[in-house]
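Scroll down for the structure; my scribbles are underneath it.
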Amino acid sequence: MKLKYIWYRIRQAGFSLFMYLAPIRKEKVISGAGCLLQIPEKIKKSGKQKVLVVTTAGFMKRGSLTPFFDTLKKENLEYTVFSDVKPDPTTDCIEEAVSLYKKERCEVIVAIGGGSVIDCSKALGARIARPQKTLQQMQGLLKVLKPIPDLYAVPTTAGTGSEATAGAVITEGKSHYKFTILDLCLVPKYAVLDAQLTYALPAQITAYTGMDALTHAIEAYTNHFCFPLAKKKSLDAVKLIYENLEAAYSDGNNKEARENMLLASYYAGVAINNNFIGYVHAIAHGIGGLYGVTHGKANAIILPFVLKAYGKSIERKLSVLADLVGIRGNDEKEKAEAFIDSIIKLNEKLGIGNRLDDLQKKDFEELANRAVKEGNPTYPVPIIWEKDKFKSLMEKIV
């Protein structure tokens, strides 16, 4: 058993160092109110003509994207819309997008939506880059290894940070099993941070996505091998979220809070792109796939339980986070406990709660198996868990 753990750590250290030193194509950032309308000009300058816009039916019904479509027309760009993206994109949904992209002979992808839309677009890009491979065959690390079409990622929620990451989470249509495609070529060409698109976001979604971003930042920071870039972005994200999430939740039109939350989500995305997520996500992905629980909600509820289970191994790091957000304590242990309590209280303030009623004990074995398969050996978590540890933790969440 110990030899296996040593191998895990060697593998994790090597890959974390690779991510830190690799000449990753860094996404270019466009930010500011109304910056969505800058995309057509950039596409025009790139010499591309045919655009696939990936979004949701809700955005199309509200007419929110009409000014963007008008700007595409002004630049004499042809566009086609794929708006059949559902929460947690499935393999079937992505294949439909692939068919449309090919049929219309598109050259560029503009993803306008939450994490599901952006992940769908990344997976679409992977299938275009590697038409001979299925999505399942590209599961895991570095299975694409070929440039995808230019991808402009426009997040409309402040949560997933997918506009900055090299990963896409996909749900297998029949089994509801979630898997990840992780490859440096999936990093979008542009991250477009237009806070205006988040103003109409309902309070509940604001809460879920904000806690998703917080989970990203905390997991990246508490993981082993957190190199300087991931550390800085994690800390920046945690501070911004603690300062702005409640305000964004209470007043969706709070411009400053919305802009800061979008920036925090992006920072957290950069952090996990350099140092991965952890067991909170490994558990949440299984629960989301099996029961359809909103990802941010699952993360928010699971997060404090996992942090408690890590115990002394992360006390020092959590005490740093406590100091960062103004939480007091007499020593590292007290500060760490107070920081975890602050997450529980934040969940309550945001109307999320701290229990997952959807969980069923009959599924613990399957969920634990999924978590082990996802988390080990890839995630450089503070402590390596086996299946029984996941099952005992789930007992506490219901």
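If you're wondering about the labels, chains in the structure tokens are A, B, ... by order shown, residues count from 1 in each chain, ligands from 1 in order shown.
Excluding segment 360-376 of chain A itself and any same-chain residue fewer than 6 positions from it, the protein and nucleic acid residues within 7 Å of it, counting only C-alpha atoms, are Gly278, Tyr279, Ala282, Ile283, Gly286, Ile287, Glu386, Lys387, Phe390 and Lys391 of chain A.
Proximity to Ile205 of chain A at 10 Å, evaluated using only C-alpha atoms and with sequence-adjacent residues fewer than 4 positions away removed, yields A:Thr157, A:Ala158, A:Gly159, A:Leu201, A:Thr209, A:Gly210, A:Met211, A:Tyr249, A:Thr294, A:Gly296, A:Lys297.
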Would you kindly return, as JSON, numbers by chain, each protein, DNA or RNA residue with an atom no farther than 10 Å from any atom of segment 317-332 of chain A, considering only C-alpha atoms and excluding same-chain residues fewer than 2 positions away?
{"A": [218, 221, 222, 223, 234, 235, 236, 238, 239, 240, 241, 242, 243, 307, 312, 313, 314, 315, 334, 335, 336, 337, 338, 339, 340, 342]}
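Nearest to Arg355 of chain A of all the residues A:Thr378, A:Asn299, A:Asn244, A:Gln137 is A:Asn299, counting only C-alpha atoms.
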Using only C-alpha atoms, which protein or nucleic acid residues come within 12 Å of Cys93 of chain A? Drop anything in the same chain fewer than 2 positions from it, and give the result as a ChimeraX atom specification.
/A:54,56,82-91,95-100,116-117,119-121,123-124,135,170-173
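Across the model, the gap from atom CA of Val381 of chain A to atom CA of Lys2 of chain A is 15.6 Å.
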Restricting to only C-alpha atoms, whichever of A:Thr80, A:Asn354, A:Thr160, A:Asn273 is closest to Met261 of chain A is A:Thr160
Give me, as a Markdown table, each residue of segment 97-159 of chain A that comes within 10 Å of segment 177-196 of chain A, together with its shortest interatomic pair and the distance in Å at one decimal, counting only C-alpha atoms, with rows ordered by chain and rising residue number.
```
| residue | atom | partner | partner_atom | distance |
| --- | --- | --- | --- | --- |
| A:Ile109 | CA | A:Pro188 | CA | 9.7 |
| A:Val110 | CA | A:Tyr190 | CA | 9.5 |
| A:Ala111 | CA | A:Pro188 | CA | 9.7 |
| A:Ile112 | CA | A:Val192 | CA | 9.3 |
| A:Ile118 | CA | A:Pro188 | CA | 9.1 |
| A:Asp119 | CA | A:Leu186 | CA | 9.4 |
| A:Ser121 | CA | A:Leu186 | CA | 9.4 |
| A:Lys122 | CA | A:Leu186 | CA | 5.9 |
| A:Ala123 | CA | A:Ile181 | CA | 7.7 |
| A:Gly125 | CA | A:Leu186 | CA | 7.7 |
| A:Ala126 | CA | A:Leu186 | CA | 7.4 |
| A:Ala129 | CA | A:Cys185 | CA | 9.8 |
| A:Leu135 | CA | A:Ile181 | CA | 7.9 |
| A:Gln136 | CA | A:Phe179 | CA | 8.1 |
| A:Gln137 | CA | A:Ile181 | CA | 9.2 |
| A:Met138 | CA | A:Ile181 | CA | 6.0 |
| A:Gln139 | CA | A:Ile181 | CA | 4.7 |
| A:Gly140 | CA | A:Ile181 | CA | 5.2 |
| A:Leu141 | CA | A:Leu182 | CA | 4.9 |
| A:Leu142 | CA | A:Asp183 | CA | 4.6 |
| A:Lys143 | CA | A:Asp183 | CA | 6.8 |
| A:Val144 | CA | A:Asp183 | CA | 6.3 |
| A:Leu145 | CA | A:Cys185 | CA | 6.6 |
| A:Lys146 | CA | A:Cys185 | CA | 6.5 |
| A:Pro147 | CA | A:Cys185 | CA | 5.5 |
| A:Ile148 | CA | A:Cys185 | CA | 6.6 |
| A:Pro149 | CA | A:Lys189 | CA | 9.0 |
| A:Asp150 | CA | A:Lys189 | CA | 5.9 |
| A:Leu151 | CA | A:Pro188 | CA | 5.0 |
| A:Tyr152 | CA | A:Tyr190 | CA | 4.8 |
| A:Ala153 | CA | A:Ala191 | CA | 5.1 |
| A:Val154 | CA | A:Val192 | CA | 4.8 |
| A:Pro155 | CA | A:Leu193 | CA | 6.7 |
| A:Thr156 | CA | A:Ala195 | CA | 7.7 |
| A:Thr157 | CA | A:Ala195 | CA | 8.8 |
| A:Ala158 | CA | A:Ala195 | CA | 8.9 |
```
Write out as a list in words all residues of segment 119-169 of chain A that DSSP puts in strand (DSSP E) for this structure's backbone.
Gly140, Leu141, Asp150, Leu151, Tyr152, Ala153, Val154, Pro155, Gly167, Ala168 and Val169 of chain A
Those selected residues, please, written with N, CA and C atoms and delivered as an mmCIF file, in the first residue's frame.
```
data_model
loop_
_atom_site.group_PDB
_atom_site.id
_atom_site.type_symbol
_atom_site.label_atom_id
_atom_site.label_comp_id
_atom_site.auth_asym_id
_atom_site.auth_seq_id
_atom_site.Cartn_x
_atom_site.Cartn_y
_atom_site.Cartn_z
ATOM 1 N N GLY A 140 -9.218 11.275 -19.589
ATOM 2 C CA GLY A 140 -7.948 11.258 -18.870
ATOM 3 C C GLY A 140 -6.993 12.330 -19.360
ATOM 4 N N LEU A 141 -5.708 12.095 -19.146
ATOM 5 C CA LEU A 141 -4.679 13.096 -19.395
ATOM 6 C C LEU A 141 -4.066 12.976 -20.783
ATOM 7 N N ASP A 150 -10.268 27.514 -32.863
ATOM 8 C CA ASP A 150 -10.245 28.683 -31.969
ATOM 9 C C ASP A 150 -11.514 28.699 -31.121
ATOM 10 N N LEU A 151 -11.328 28.794 -29.803
ATOM 11 C CA LEU A 151 -12.464 28.778 -28.875
ATOM 12 C C LEU A 151 -12.479 30.066 -28.058
ATOM 13 N N TYR A 152 -13.583 30.803 -28.163
ATOM 14 C CA TYR A 152 -13.808 32.006 -27.368
ATOM 15 C C TYR A 152 -14.777 31.610 -26.252
ATOM 16 N N ALA A 153 -14.293 31.587 -25.017
ATOM 17 C CA ALA A 153 -15.116 31.141 -23.883
ATOM 18 C C ALA A 153 -15.662 32.348 -23.139
ATOM 19 N N VAL A 154 -16.994 32.449 -23.092
ATOM 20 C CA VAL A 154 -17.662 33.596 -22.477
ATOM 21 C C VAL A 154 -18.521 33.090 -21.318
ATOM 22 N N PRO A 155 -17.990 33.097 -20.098
ATOM 23 C CA PRO A 155 -18.770 32.583 -18.967
ATOM 24 C C PRO A 155 -19.922 33.514 -18.597
ATOM 25 N N GLY A 167 -9.471 21.415 -18.930
ATOM 26 C CA GLY A 167 -10.308 20.235 -18.733
ATOM 27 C C GLY A 167 -11.747 20.463 -19.147
ATOM 28 N N ALA A 168 -12.421 19.365 -19.469
ATOM 29 C CA ALA A 168 -13.854 19.377 -19.754
ATOM 30 C C ALA A 168 -14.481 18.167 -19.076
ATOM 31 N N VAL A 169 -15.546 18.403 -18.309
ATOM 32 C CA VAL A 169 -16.243 17.317 -17.614
ATOM 33 C C VAL A 169 -17.451 16.908 -18.446
#
```
